>>> print(open('upload_19.pdb').read())   # PDB, C-alpha atoms, pLDDT in the B column
ATOM      1  CA  MET A  26     110.791  65.473  -2.857  1.00 53.00           C
ATOM      2  CA  GLN A  27     111.458  63.593   0.370  1.00 61.00           C
ATOM      3  CA  LYS A  28     108.322  62.442   2.152  1.00 71.00           C
ATOM      4  CA  LYS A  29     107.772  64.105   5.534  1.00 85.00           C
ATOM      5  CA  GLU A  30     107.481  61.832   8.539  1.00 95.00           C
ATOM      6  CA  PRO A  31     104.376  62.189  10.747  1.00 98.00           C
ATOM      7  CA  HIS A  32     104.957  64.939  13.281  1.00 98.00           C
ATOM      8  CA  ILE A  33     103.024  67.321  15.557  1.00 98.00           C
ATOM      9  CA  ARG A  34     104.563  70.635  16.625  1.00 98.00           C
ATOM     10  CA  ILE A  35     102.967  72.737  19.342  1.00 98.00           C
ATOM     11  CA  ILE A  36     103.009  76.418  18.430  1.00 98.00           C
ATOM     12  CA  PRO A  37     103.562  78.686  21.477  1.00 98.00           C
ATOM     13  CA  ASN A  38     100.092  79.843  22.613  1.00 98.00           C
ATOM     14  CA  GLY A  39      98.805  78.580  19.288  1.00 98.00           C
ATOM     15  CA  PRO A  40      97.660  75.447  17.471  1.00 98.00           C
ATOM     16  CA  TYR A  41      99.006  71.970  16.898  1.00 98.00           C
ATOM     17  CA  LEU A  42     100.822  72.018  13.547  1.00 98.00           C
ATOM     18  CA  VAL A  43     100.416  68.558  12.018  1.00 98.00           C
ATOM     19  CA  SER A  44     102.624  67.415   9.151  1.00 98.00           C
ATOM     20  CA  GLY A  45     103.391  64.202   7.317  1.00 98.00           C
ATOM     21  CA  ASN A  46     100.007  63.554   5.670  1.00 98.00           C
ATOM     22  CA  ILE A  47      98.457  62.079   8.836  1.00 98.00           C
ATOM     23  CA  PRO A  48      94.887  60.810   8.268  1.00 98.00           C
ATOM     24  CA  LEU A  49      92.286  62.880  10.138  1.00 98.00           C
ATOM     25  CA  SER A  50      88.825  61.659  11.126  1.00 98.00           C
ATOM     26  CA  GLU A  51      86.019  62.307  13.589  1.00 98.00           C
ATOM     27  CA  LYS A  52      84.843  59.606  15.989  1.00 98.00           C
ATOM     28  CA  ILE A  53      81.764  59.587  18.200  1.00 98.00           C
ATOM     29  CA  ILE A  54      81.979  57.838  21.589  1.00 98.00           C
ATOM     30  CA  VAL A  55      78.816  55.740  21.908  1.00 97.00           C
ATOM     31  CA  PRO A  56      77.563  53.544  24.797  1.00 96.00           C
ATOM     32  CA  ASN A  57      77.399  49.836  23.994  1.00 93.00           C
ATOM     33  CA  GLY A  58      75.895  47.870  26.880  1.00 91.00           C
ATOM     34  CA  ASP A  59      78.116  48.651  29.862  1.00 89.00           C
ATOM     35  CA  GLY A  60      81.012  49.554  27.560  1.00 92.00           C
ATOM     36  CA  TYR A  61      81.681  51.925  24.670  1.00 96.00           C
ATOM     37  CA  ILE A  62      82.405  51.824  20.948  1.00 97.00           C
ATOM     38  CA  TYR A  63      83.314  54.369  18.282  1.00 98.00           C
ATOM     39  CA  GLN A  64      81.051  55.427  15.461  1.00 98.00           C
ATOM     40  CA  ASP A  65      82.270  57.364  12.450  1.00 98.00           C
ATOM     41  CA  GLY A  66      81.512  61.075  12.500  1.00 97.00           C
ATOM     42  CA  ARG A  67      81.661  63.577   9.692  1.00 96.00           C
ATOM     43  CA  LYS A  68      84.251  63.398   6.925  1.00 97.00           C
ATOM     44  CA  LEU A  69      87.123  65.804   7.442  1.00 97.00           C
ATOM     45  CA  PRO A  70      89.386  67.206   4.708  1.00 97.00           C
ATOM     46  CA  GLN A  71      92.708  65.431   4.264  1.00 98.00           C
ATOM     47  CA  ARG A  72      95.844  67.527   3.921  1.00 97.00           C
ATOM     48  CA  GLU A  73      99.569  66.930   4.076  1.00 97.00           C
ATOM     49  CA  THR A  74      99.894  69.704   6.661  1.00 98.00           C
ATOM     50  CA  TYR A  75      97.177  71.236   8.844  1.00 98.00           C
ATOM     51  CA  ALA A  76      96.759  73.192  12.075  1.00 98.00           C
ATOM     52  CA  LEU A  77      94.386  71.937  14.768  1.00 98.00           C
ATOM     53  CA  CYS A  78      92.839  74.371  17.243  1.00 98.00           C
ATOM     54  CA  ARG A  79      94.201  74.236  20.780  1.00 98.00           C
ATOM     55  CA  CYS A  80      92.341  77.167  22.363  1.00 98.00           C
ATOM     56  CA  GLY A  81      88.767  75.930  21.812  1.00 97.00           C
ATOM     57  CA  LYS A  82      87.616  79.204  20.227  1.00 96.00           C
ATOM     58  CA  THR A  83      87.957  78.500  16.508  1.00 96.00           C
ATOM     59  CA  SER A  84      84.994  79.005  14.184  1.00 95.00           C
ATOM     60  CA  THR A  85      86.310  76.248  11.901  1.00 96.00           C
ATOM     61  CA  PRO A  86      86.742  73.249  14.236  1.00 97.00           C
ATOM     62  CA  PRO A  87      88.835  71.224  14.424  1.00 97.00           C
ATOM     63  CA  PHE A  88      91.087  73.547  12.426  1.00 98.00           C
ATOM     64  CA  CYS A  89      92.753  76.708  13.707  1.00 98.00           C
ATOM     65  CA  ASP A  90      91.401  80.043  12.393  1.00 97.00           C
ATOM     66  CA  GLY A  91      93.676  82.297  14.434  1.00 97.00           C
ATOM     67  CA  ALA A  92      91.187  82.744  17.286  1.00 97.00           C
ATOM     68  CA  HIS A  93      93.964  82.079  19.815  1.00 98.00           C
ATOM     69  CA  ILE A  94      95.370  85.530  19.033  1.00 97.00           C
ATOM     70  CA  ALA A  95      92.107  87.414  19.546  1.00 96.00           C
ATOM     71  CA  CYS A  96      91.248  85.566  22.773  1.00 96.00           C
ATOM     72  CA  GLY A  97      94.749  85.876  24.247  1.00 97.00           C
ATOM     73  CA  PHE A  98      95.096  82.110  24.694  1.00 98.00           C
ATOM     74  CA  VAL A  99      97.795  81.028  27.138  1.00 97.00           C
ATOM     75  CA  GLY A 100      98.800  77.523  26.148  1.00 97.00           C
ATOM     76  CA  GLU A 101     101.634  76.923  28.592  1.00 98.00           C
ATOM     77  CA  GLU A 102     102.446  73.225  28.748  1.00 98.00           C
ATOM     78  CA  THR A 103     102.272  71.917  32.292  1.00 97.00           C
ATOM     79  CA  ALA A 104     102.416  68.135  31.784  1.00 98.00           C
ATOM     80  CA  CYS A 105     105.273  66.166  33.277  1.00 96.00           C
ATOM     81  CA  LYS A 106     107.776  65.145  30.590  1.00 96.00           C
ATOM     82  CA  ASN A 107     109.064  62.078  32.417  1.00 97.00           C
ATOM     83  CA  ASP A 108     108.629  58.813  30.517  1.00 97.00           C
ATOM     84  CA  TYR A 109     105.540  56.714  31.116  1.00 98.00           C
ATOM     85  CA  ASP A 110     107.329  53.977  33.070  1.00 96.00           C
ATOM     86  CA  LYS A 111     108.621  56.582  35.527  1.00 97.00           C
ATOM     87  CA  ARG A 112     105.184  58.160  36.037  1.00 96.00           C
ATOM     88  CA  ALA A 113     103.012  55.053  36.165  1.00 98.00           C
ATOM     89  CA  THR A 114     102.184  52.995  39.225  1.00 98.00           C
ATOM     90  CA  LYS A 115     101.632  49.246  39.033  1.00 98.00           C
ATOM     91  CA  LEU A 116      98.577  47.364  40.235  1.00 97.00           C
ATOM     92  CA  THR A 117      99.398  43.703  40.782  1.00 98.00           C
ATOM     93  CA  GLY A 118      96.642  41.472  39.463  1.00 98.00           C
ATOM     94  CA  SER A 119      96.059  37.764  39.816  1.00 97.00           C
ATOM     95  CA  GLY A 120      96.681  37.064  36.115  1.00 97.00           C
ATOM     96  CA  VAL A 121      97.966  40.293  34.581  1.00 98.00           C
ATOM     97  CA  ASP A 122      99.284  43.502  36.086  1.00 98.00           C
ATOM     98  CA  LEU A 123      98.216  47.038  35.210  1.00 98.00           C
ATOM     99  CA  LEU A 124     100.247  50.219  34.786  1.00 98.00           C
ATOM    100  CA  ASP A 125      98.399  53.492  35.389  1.00 98.00           C
ATOM    101  CA  ASP A 126      99.876  56.977  34.924  1.00 98.00           C
ATOM    102  CA  GLY A 127      96.642  58.806  35.829  1.00 97.00           C
ATOM    103  CA  ARG A 128      96.269  60.747  32.562  1.00 98.00           C
ATOM    104  CA  CYS A 129      92.535  60.377  32.051  1.00 98.00           C
ATOM    105  CA  ALA A 130      90.596  61.856  29.123  1.00 98.00           C
ATOM    106  CA  PHE A 131      87.352  60.257  30.371  1.00 97.00           C
ATOM    107  CA  ALA A 132      86.766  58.336  27.143  1.00 98.00           C
ATOM    108  CA  ARG A 133      85.568  55.411  29.316  1.00 97.00           C
ATOM    109  CA  PHE A 134      86.876  52.568  27.154  1.00 97.00           C
ATOM    110  CA  CYS A 135      88.448  51.155  30.322  1.00 97.00           C
ATOM    111  CA  HIS A 136      84.892  50.111  31.273  1.00 95.00           C
ATOM    112  CA  ARG A 137      83.551  46.853  29.904  1.00 94.00           C
ATOM    113  CA  GLU A 138      80.406  44.847  30.643  1.00 92.00           C
ATOM    114  CA  SER A 139      82.427  42.575  32.923  1.00 93.00           C
ATOM    115  CA  GLY A 140      83.946  45.425  34.945  1.00 96.00           C
ATOM    116  CA  ASP A 141      86.511  48.192  34.733  1.00 97.00           C
ATOM    117  CA  ALA A 142      90.210  47.705  33.970  1.00 98.00           C
ATOM    118  CA  TRP A 143      91.269  47.808  37.634  1.00 98.00           C
ATOM    119  CA  GLU A 144      88.689  45.251  38.804  1.00 97.00           C
ATOM    120  CA  LEU A 145      89.419  43.012  35.839  1.00 98.00           C
ATOM    121  CA  ALA A 146      93.183  43.043  36.376  1.00 98.00           C
ATOM    122  CA  GLU A 147      92.821  42.395  40.096  1.00 97.00           C
ATOM    123  CA  ASN A 148      90.613  39.367  39.398  1.00 97.00           C
ATOM    124  CA  SER A 149      92.269  38.173  36.180  1.00 97.00           C
ATOM    125  CA  ASP A 150      92.665  34.550  37.265  1.00 95.00           C
ATOM    126  CA  THR A 151      90.453  33.195  34.461  1.00 96.00           C
ATOM    127  CA  GLU A 152      91.223  33.450  30.757  1.00 96.00           C
ATOM    128  CA  PHE A 153      88.052  35.463  30.131  1.00 97.00           C
ATOM    129  CA  LEU A 154      88.760  38.087  32.821  1.00 97.00           C
ATOM    130  CA  ARG A 155      92.426  38.209  31.807  1.00 97.00           C
ATOM    131  CA  SER A 156      91.444  38.940  28.183  1.00 97.00           C
ATOM    132  CA  GLU A 157      88.920  41.532  29.309  1.00 97.00           C
ATOM    133  CA  ALA A 158      91.549  43.261  31.475  1.00 98.00           C
ATOM    134  CA  ILE A 159      93.939  43.440  28.528  1.00 98.00           C
ATOM    135  CA  LEU A 160      91.233  44.886  26.269  1.00 97.00           C
ATOM    136  CA  ALA A 161      90.095  47.416  28.853  1.00 97.00           C
ATOM    137  CA  ALA A 162      93.649  48.692  29.251  1.00 98.00           C
ATOM    138  CA  SER A 163      94.584  48.590  25.565  1.00 98.00           C
ATOM    139  CA  GLU A 164      91.479  50.470  24.415  1.00 97.00           C
ATOM    140  CA  CYS A 165      92.200  53.480  26.650  1.00 98.00           C
ATOM    141  CA  PRO A 166      92.957  56.148  24.004  1.00 98.00           C
ATOM    142  CA  ALA A 167      94.856  58.349  26.457  1.00 98.00           C
ATOM    143  CA  GLY A 168      97.425  55.598  27.009  1.00 98.00           C
ATOM    144  CA  ARG A 169      96.838  55.880  30.757  1.00 98.00           C
ATOM    145  CA  LEU A 170      96.574  52.108  31.181  1.00 98.00           C
ATOM    146  CA  THR A 171      98.833  49.298  30.021  1.00 98.00           C
ATOM    147  CA  ALA A 172      98.317  45.607  30.764  1.00 98.00           C
ATOM    148  CA  LEU A 173     101.453  43.638  31.619  1.00 98.00           C
ATOM    149  CA  GLU A 174     102.224  39.957  31.671  1.00 97.00           C
ATOM    150  CA  LYS A 175     103.951  38.753  34.814  1.00 96.00           C
ATOM    151  CA  ASP A 176     107.255  38.730  32.908  1.00 97.00           C
ATOM    152  CA  GLY A 177     106.810  42.440  32.131  1.00 96.00           C
ATOM    153  CA  THR A 178     105.653  42.067  28.524  1.00 97.00           C
ATOM    154  CA  ALA A 179     103.359  44.998  27.720  1.00 97.00           C
ATOM    155  CA  TYR A 180     100.224  44.794  25.576  1.00 98.00           C
ATOM    156  CA  GLU A 181      99.741  47.545  22.993  1.00 98.00           C
ATOM    157  CA  PRO A 182      97.230  47.650  20.120  1.00 97.00           C
ATOM    158  CA  GLU A 183      98.674  47.983  16.628  1.00 97.00           C
ATOM    159  CA  TYR A 184      97.920  51.430  15.239  1.00 98.00           C
ATOM    160  CA  SER A 185      99.005  53.177  12.083  1.00 98.00           C
ATOM    161  CA  PRO A 186      99.603  56.911  12.542  1.00 98.00           C
ATOM    162  CA  GLY A 187      96.280  58.751  12.677  1.00 98.00           C
ATOM    163  CA  ILE A 188      94.399  61.545  14.435  1.00 98.00           C
ATOM    164  CA  GLU A 189      90.772  61.284  15.568  1.00 98.00           C
ATOM    165  CA  ILE A 190      88.618  64.172  16.777  1.00 98.00           C
ATOM    166  CA  PHE A 191      86.316  62.955  19.545  1.00 98.00           C
ATOM    167  CA  GLN A 192      82.669  63.838  20.087  1.00 98.00           C
ATOM    168  CA  ASP A 193      80.966  62.665  23.285  1.00 98.00           C
ATOM    169  CA  PRO A 194      77.169  63.034  23.014  1.00 97.00           C
ATOM    170  CA  GLU A 195      76.548  61.003  26.178  1.00 97.00           C
ATOM    171  CA  GLU A 196      78.322  63.740  28.151  1.00 97.00           C
ATOM    172  CA  LYS A 197      76.868  66.407  25.804  1.00 96.00           C
ATOM    173  CA  VAL A 198      80.337  67.748  24.952  1.00 97.00           C
ATOM    174  CA  SER A 199      83.032  67.700  22.325  1.00 98.00           C
ATOM    175  CA  ALA A 200      86.104  65.857  23.574  1.00 98.00           C
ATOM    176  CA  GLY A 201      89.848  65.630  22.879  1.00 98.00           C
ATOM    177  CA  ILE A 202      92.153  64.692  20.022  1.00 99.00           C
ATOM    178  CA  PHE A 203      93.186  61.032  19.868  1.00 98.00           C
ATOM    179  CA  VAL A 204      96.735  60.768  18.502  1.00 98.00           C
ATOM    180  CA  LYS A 205      97.677  57.193  17.713  1.00 98.00           C
ATOM    181  CA  GLY A 206     100.445  55.200  16.112  1.00 98.00           C
ATOM    182  CA  GLY A 207     103.565  56.687  17.696  1.00 98.00           C
ATOM    183  CA  ILE A 208     103.463  60.210  16.250  1.00 98.00           C
ATOM    184  CA  PRO A 209     106.208  62.447  17.739  1.00 98.00           C
ATOM    185  CA  ILE A 210     104.888  65.539  19.548  1.00 98.00           C
ATOM    186  CA  GLU A 211     107.266  68.488  19.727  1.00 98.00           C
ATOM    187  CA  SER A 212     106.801  70.888  22.620  1.00 98.00           C
ATOM    188  CA  ALA A 213     106.663  74.645  22.120  1.00 98.00           C
ATOM    189  CA  ASP A 214     110.137  74.775  23.704  1.00 97.00           C
ATOM    190  CA  GLY A 215     111.572  72.484  21.013  1.00 97.00           C
ATOM    191  CA  SER A 216     111.897  69.354  23.148  1.00 97.00           C
ATOM    192  CA  THR A 217     109.992  66.196  22.243  1.00 97.00           C
ATOM    193  CA  TYR A 218     107.610  64.286  24.470  1.00 98.00           C
ATOM    194  CA  GLU A 219     108.123  60.556  24.840  1.00 98.00           C
ATOM    195  CA  VAL A 220     106.717  58.942  21.696  1.00 98.00           C
ATOM    196  CA  ARG A 221     103.617  56.986  22.684  1.00 98.00           C
ATOM    197  CA  ASN A 222     101.260  54.739  20.754  1.00 98.00           C
ATOM    198  CA  ARG A 223      98.206  56.375  22.378  1.00 98.00           C
ATOM    199  CA  VAL A 224      97.648  59.890  23.736  1.00 98.00           C
ATOM    200  CA  VAL A 225      94.726  62.335  23.850  1.00 98.00           C
ATOM    201  CA  LEU A 226      95.497  66.029  23.403  1.00 99.00           C
ATOM    202  CA  CYS A 227      93.409  68.902  24.765  1.00 98.00           C
ATOM    203  CA  ARG A 228      91.467  71.010  22.252  1.00 98.00           C
ATOM    204  CA  CYS A 229      89.137  72.945  24.558  1.00 98.00           C
ATOM    205  CA  GLY A 230      91.990  75.022  25.991  1.00 98.00           C
ATOM    206  CA  LEU A 231      90.956  74.236  29.572  1.00 98.00           C
ATOM    207  CA  SER A 232      93.172  71.306  30.575  1.00 98.00           C
ATOM    208  CA  HIS A 233      95.381  71.728  33.619  1.00 98.00           C
ATOM    209  CA  ASN A 234      97.770  69.166  32.121  1.00 98.00           C
ATOM    210  CA  LYS A 235      98.461  70.722  28.719  1.00 98.00           C
ATOM    211  CA  PRO A 236      99.021  69.563  26.070  1.00 98.00           C
ATOM    212  CA  PHE A 237      97.189  66.449  27.245  1.00 98.00           C
ATOM    213  CA  CYS A 238      93.454  66.163  27.848  1.00 98.00           C
ATOM    214  CA  ASP A 239      92.371  65.918  31.488  1.00 98.00           C
ATOM    215  CA  ALA A 240      88.604  65.813  30.762  1.00 98.00           C
ATOM    216  CA  ALA A 241      88.209  69.545  31.507  1.00 98.00           C
ATOM    217  CA  HIS A 242      85.991  69.735  28.419  1.00 98.00           C
ATOM    218  CA  ILE A 243      83.199  68.187  30.516  1.00 98.00           C
ATOM    219  CA  ALA A 244      83.220  70.675  33.395  1.00 97.00           C
ATOM    220  CA  GLY A 245      83.861  73.443  30.858  1.00 97.00           C
ATOM    221  CA  ASP A 246      80.852  72.353  28.764  1.00 97.00           C
ATOM    222  CA  TYR A 247      82.931  72.534  25.582  1.00 97.00           C
ATOM    223  CA  HIS A 248      81.034  72.246  22.296  1.00 95.00           C
ATOM    224  CA  ASP A 249      82.505  72.613  18.847  1.00 93.00           C
ATOM    225  CA  LEU A 250      79.255  71.651  17.102  1.00 66.00           C
ATOM    226  CA  ALA A 251      77.709  75.093  17.652  1.00 55.00           C
ATOM    227  CA  LYS A 252      80.724  76.674  15.957  1.00 51.00           C
ATOM    228  CA  ARG A 253      80.704  74.432  12.900  1.00 55.00           C
ATOM    229  CA  LYS A 254      79.326  75.742   9.643  1.00 53.00           C
ATOM    230  CA  ASP A 255      78.816  72.405   7.861  1.00 50.00           C
TER     231      ASP A 255
END
>>> encode(input="upload_19.pdb", output="structure tokens")
Amino acid sequence: MQKKEPHIRIIPNGPYLVSGNIPLSEKIIVPNGDGYIYQDGRKLPQRETYALCRCGKTSTPPFCDGAHIACGFVGEETACKNDYDKRATKLTGSGVDLLDDGRCAFARFCHRESGDAWELAENSDTEFLRSEAILAASECPAGRLTALEKDGTAYEPEYSPGIEIFQDPEEKVSAGIFVKGGIPIESADGSTYEVRNRVVLCRCGLSHNKPFCDAAHIAGDYHDLAKRKD
């Protein structure tokens, strides 16, 4: 039997259908000084194919239990489908430049003890601040930020395909779905979004930029922990 390639298909007004035996884990966003790190969360079952909730109402998070039907979930995708380089604006820094497409999941990895990604890029005239700017941009799970050399060379972390379910106890909420390693995402209309190394998908059902997370889980006070039965 031919091995399936990693793939995510968005079901109309339904879940994310994940195929290709993509590893699934839970990560907890934890403050570390003036920055943030990940800690491992609970162990999640591993399957070749699985459906992840998109409406935020499941009783079996992060997996779909069909709650989208009962709640009448409207999952219309509203995100721009233009490629990243057409959406992003460029901040010119002293040592490295920074691309920013504005898609923020509020994971806060763009903040480091030495400053945020924008400050660091602007003042990246020392090797330390240059390295910090590159890290601050590269660790943004949403892929909002990309550090560029002056010749246009882009910095990207090396990721194998994987999916991580975020928990954010500092904000007292459950957060988005980190999709990493260049996994194709097929829209409900059959088209495919630009393949990116880093994106965060909405799982609370509240984003105004579906299918991508826009941090609406914070204002919406989204919690999956109360629904879990483990």
>>> closest_residue(input="upload_19.pdb", among="A:Cys238, A:Val43, A:Ile54, A:Leu160", to="Val225 of chain A", atoms="all atoms listed in the file")
A:Cys238
>>> closest_residue(input="upload_19.pdb", among="A:Gly245, A:Gly120, A:Gly127, A:Pro86", to="Asp150 of chain A", atoms="all atoms listed in the file")
A:Gly120
>>> resolve_selection(input="upload_19.pdb", expression="the PyMOL selection byres ((chain A and resi 198) around 7)", output="list in words")
Gln192, Asp193, Pro194, Glu196, Lys197, Ser199, Ala200, His242, Ile243, Asp246, Tyr247 and His248 of chain A
>>> residues_around(input="upload_19.pdb", residues="Ile208 of chain A", least_positions_apart="6", cutoff="9 Å", atoms="all atoms listed in the file", output="PyMOL selection string")
chain A and resi 30-33+186-187+220-223
>>> closest_residue(input="upload_19.pdb", among="A:Gly206, A:Gly230, A:Pro236, A:Pro87", to="Glu51 of chain A", atoms="only C-alpha atoms")
A:Pro87
>>> resolve_selection(input="upload_19.pdb", expression="the PyMOL selection byres ((chain A and resi 82) around 8)", output="list in words")
Cys78, Cys80, Gly81, Thr83, Ser84, Ala92, His93, Cys96 and Cys229 of chain A
>>> residues_around(input="upload_19.pdb", residues="Asp176 of chain A", least_positions_apart="3", cutoff="10 Å", atoms="all atoms listed in the file", output="number ranges by chain")
A: 121-122, 173, 179
>>> closest_atom_pairs(input="upload_19.pdb", of="segment 74-166 of chain A", to="segment 56-68 of chain A", cutoff="6 Å", atoms="all atoms listed in the file", output="CSV")
residue,atom,partner,partner_atom,distance
A:Phe134,CA,A:Tyr61,CA,5.8
A:His136,CA,A:Gly60,CA,5.4
A:Arg137,CA,A:Gly60,CA,4.4
A:Glu138,CA,A:Asp59,CA,4.5
>>> closest_residue(input="upload_19.pdb", among="A:Phe131, A:Tyr109, A:Phe237, A:Tyr184", to="Ser212 of chain A", atoms="all atoms listed in the file")
A:Phe237
>>> atom_distance(input="upload_19.pdb", atom1="atom CA of Lys29 of chain A", atom2="atom CA of Ser216 of chain A")
18.8 Å
>>> resolve_selection(input="upload_19.pdb", expression="the PyMOL selection byres ((chain A and resi 77) around 7)", output="ChimeraX atom specification")
/A:40-42,75-76,78-79,87-89
>>> write_last_selection(input="upload_19.pdb", atoms="C-alpha atoms", output="compact mmCIF listing (two decimals), in the frame of the given file")
# COMPACT_ATOMS: atom_id res chain seq x y z
CA PRO A 40 97.66 75.45 17.47
CA TYR A 41 99.01 71.97 16.90
CA LEU A 42 100.82 72.02 13.55
CA TYR A 75 97.18 71.24 8.84
CA ALA A 76 96.76 73.19 12.08
CA CYS A 78 92.84 74.37 17.24
CA ARG A 79 94.20 74.24 20.78
CA PRO A 87 88.84 71.22 14.42
CA PHE A 88 91.09 73.55 12.43
CA CYS A 89 92.75 76.71 13.71
>>> residues_around(input="upload_19.pdb", residues="Glu174 of chain A", least_positions_apart="2", cutoff="12 Å", atoms="all atoms listed in the file", output="PDB file with C-alpha atoms, keeping the file's coordinate frame")
ATOM      1  CA  LYS A 115     101.632  49.246  39.033  1.00 98.00           C
ATOM      2  CA  LEU A 116      98.577  47.364  40.235  1.00 97.00           C
ATOM      3  CA  THR A 117      99.398  43.703  40.782  1.00 98.00           C
ATOM      4  CA  GLY A 118      96.642  41.472  39.463  1.00 98.00           C
ATOM      5  CA  SER A 119      96.059  37.764  39.816  1.00 97.00           C
ATOM      6  CA  GLY A 120      96.681  37.064  36.115  1.00 97.00           C
ATOM      7  CA  VAL A 121      97.966  40.293  34.581  1.00 98.00           C
ATOM      8  CA  ASP A 122      99.284  43.502  36.086  1.00 98.00           C
ATOM      9  CA  LEU A 123      98.216  47.038  35.210  1.00 98.00           C
ATOM     10  CA  LEU A 124     100.247  50.219  34.786  1.00 98.00           C
ATOM     11  CA  ALA A 146      93.183  43.043  36.376  1.00 98.00           C
ATOM     12  CA  SER A 149      92.269  38.173  36.180  1.00 97.00           C
ATOM     13  CA  ARG A 155      92.426  38.209  31.807  1.00 97.00           C
ATOM     14  CA  SER A 156      91.444  38.940  28.183  1.00 97.00           C
ATOM     15  CA  ALA A 158      91.549  43.261  31.475  1.00 98.00           C
ATOM     16  CA  ILE A 159      93.939  43.440  28.528  1.00 98.00           C
ATOM     17  CA  THR A 171      98.833  49.298  30.021  1.00 98.00           C
ATOM     18  CA  ALA A 172      98.317  45.607  30.764  1.00 98.00           C
ATOM     19  CA  ASP A 176     107.255  38.730  32.908  1.00 97.00           C
ATOM     20  CA  GLY A 177     106.810  42.440  32.131  1.00 96.00           C
ATOM     21  CA  THR A 178     105.653  42.067  28.524  1.00 97.00           C
ATOM     22  CA  ALA A 179     103.359  44.998  27.720  1.00 97.00           C
ATOM     23  CA  TYR A 180     100.224  44.794  25.576  1.00 98.00           C
ATOM     24  CA  GLU A 181      99.741  47.545  22.993  1.00 98.00           C
TER      25      GLU A 181
END
>>> closest_residue(input="upload_19.pdb", among="A:Ile36, A:Cys129, A:Cys227, A:Val55", to="Ile94 of chain A", atoms="all atoms listed in the file")
A:Ile36
>>> atom_distance(input="upload_19.pdb", atom1="atom CA of Ser139 of chain A", atom2="atom CA of Arg112 of chain A")
27.8 Å
>>> closest_residue(input="upload_19.pdb", among="A:Ala240, A:Glu101, A:Asn107, A:Gln71", to="Ser44 of chain A", atoms="all atoms listed in the file")
A:Gln71
>>> atom_distance(input="upload_19.pdb", atom1="atom CA of Glu189 of chain A", atom2="atom CA of Gly201 of chain A")
8.6 Å
>>> axis_aligned_box(input="upload_19.pdb", around="segment 237-241 of chain A", padding_each_side="6 Å", output="JSON")
{"center_x": 92.7, "center_y": 67.7, "center_z": 29.4, "size_x": 21.0, "size_y": 15.7, "size_z": 16.3}
>>> residues_near_point(input="upload_19.pdb", point="(88.6, 63.9, 2.8)", cutoff="9 Å", atoms="all atoms listed in the file", output="list in words")
Pro48, Leu49, Ser50, Lys68, Leu69, Pro70, Gln71 and Arg72 of chain A
>>> build_atoms(input="upload_19.pdb", residues="segment 91-102 of chain A", atoms="N, CA and C atoms", output="PDB file, in the frame of the given file")
ATOM      1  N   GLY A  91      92.998  81.150  13.844  1.00 97.00           N
ATOM      2  CA  GLY A  91      93.676  82.297  14.434  1.00 97.00           C
ATOM      3  C   GLY A  91      92.992  82.874  15.658  1.00 97.00           C
ATOM      4  N   ALA A  92      91.934  82.216  16.143  1.00 97.00           N
ATOM      5  CA  ALA A  92      91.187  82.744  17.286  1.00 97.00           C
ATOM      6  C   ALA A  92      92.046  82.837  18.545  1.00 97.00           C
ATOM      7  N   HIS A  93      93.105  82.041  18.631  1.00 98.00           N
ATOM      8  CA  HIS A  93      93.964  82.079  19.815  1.00 98.00           C
ATOM      9  C   HIS A  93      94.590  83.466  20.016  1.00 98.00           C
ATOM     10  N   ILE A  94      94.775  84.195  18.931  1.00 97.00           N
ATOM     11  CA  ILE A  94      95.370  85.530  19.033  1.00 97.00           C
ATOM     12  C   ILE A  94      94.354  86.504  19.632  1.00 97.00           C
ATOM     13  N   ALA A  95      93.142  86.485  19.079  1.00 96.00           N
ATOM     14  CA  ALA A  95      92.107  87.414  19.546  1.00 96.00           C
ATOM     15  C   ALA A  95      91.708  87.161  20.994  1.00 96.00           C
ATOM     16  N   CYS A  96      91.700  85.888  21.408  1.00 96.00           N
ATOM     17  CA  CYS A  96      91.248  85.566  22.773  1.00 96.00           C
ATOM     18  C   CYS A  96      92.382  85.596  23.793  1.00 96.00           C
ATOM     19  N   GLY A  97      93.617  85.819  23.325  1.00 97.00           N
ATOM     20  CA  GLY A  97      94.749  85.876  24.247  1.00 97.00           C
ATOM     21  C   GLY A  97      95.049  84.543  24.905  1.00 97.00           C
ATOM     22  N   PHE A  98      94.907  83.462  24.148  1.00 98.00           N
ATOM     23  CA  PHE A  98      95.096  82.110  24.694  1.00 98.00           C
ATOM     24  C   PHE A  98      96.490  81.936  25.282  1.00 98.00           C
ATOM     25  N   VAL A  99      96.532  81.400  26.497  1.00 97.00           N
ATOM     26  CA  VAL A  99      97.795  81.028  27.138  1.00 97.00           C
ATOM     27  C   VAL A  99      97.869  79.509  27.145  1.00 97.00           C
ATOM     28  N   GLY A 100      98.733  78.973  26.320  1.00 97.00           N
ATOM     29  CA  GLY A 100      98.800  77.523  26.148  1.00 97.00           C
ATOM     30  C   GLY A 100     100.006  76.892  26.796  1.00 97.00           C
ATOM     31  N   GLU A 101     100.448  77.450  27.912  1.00 98.00           N
ATOM     32  CA  GLU A 101     101.634  76.923  28.592  1.00 98.00           C
ATOM     33  C   GLU A 101     101.464  75.433  28.883  1.00 98.00           C
ATOM     34  N   GLU A 102     102.479  74.672  28.523  1.00 98.00           N
ATOM     35  CA  GLU A 102     102.446  73.225  28.748  1.00 98.00           C
ATOM     36  C   GLU A 102     102.874  72.925  30.185  1.00 98.00           C
TER      37      GLU A 102
END
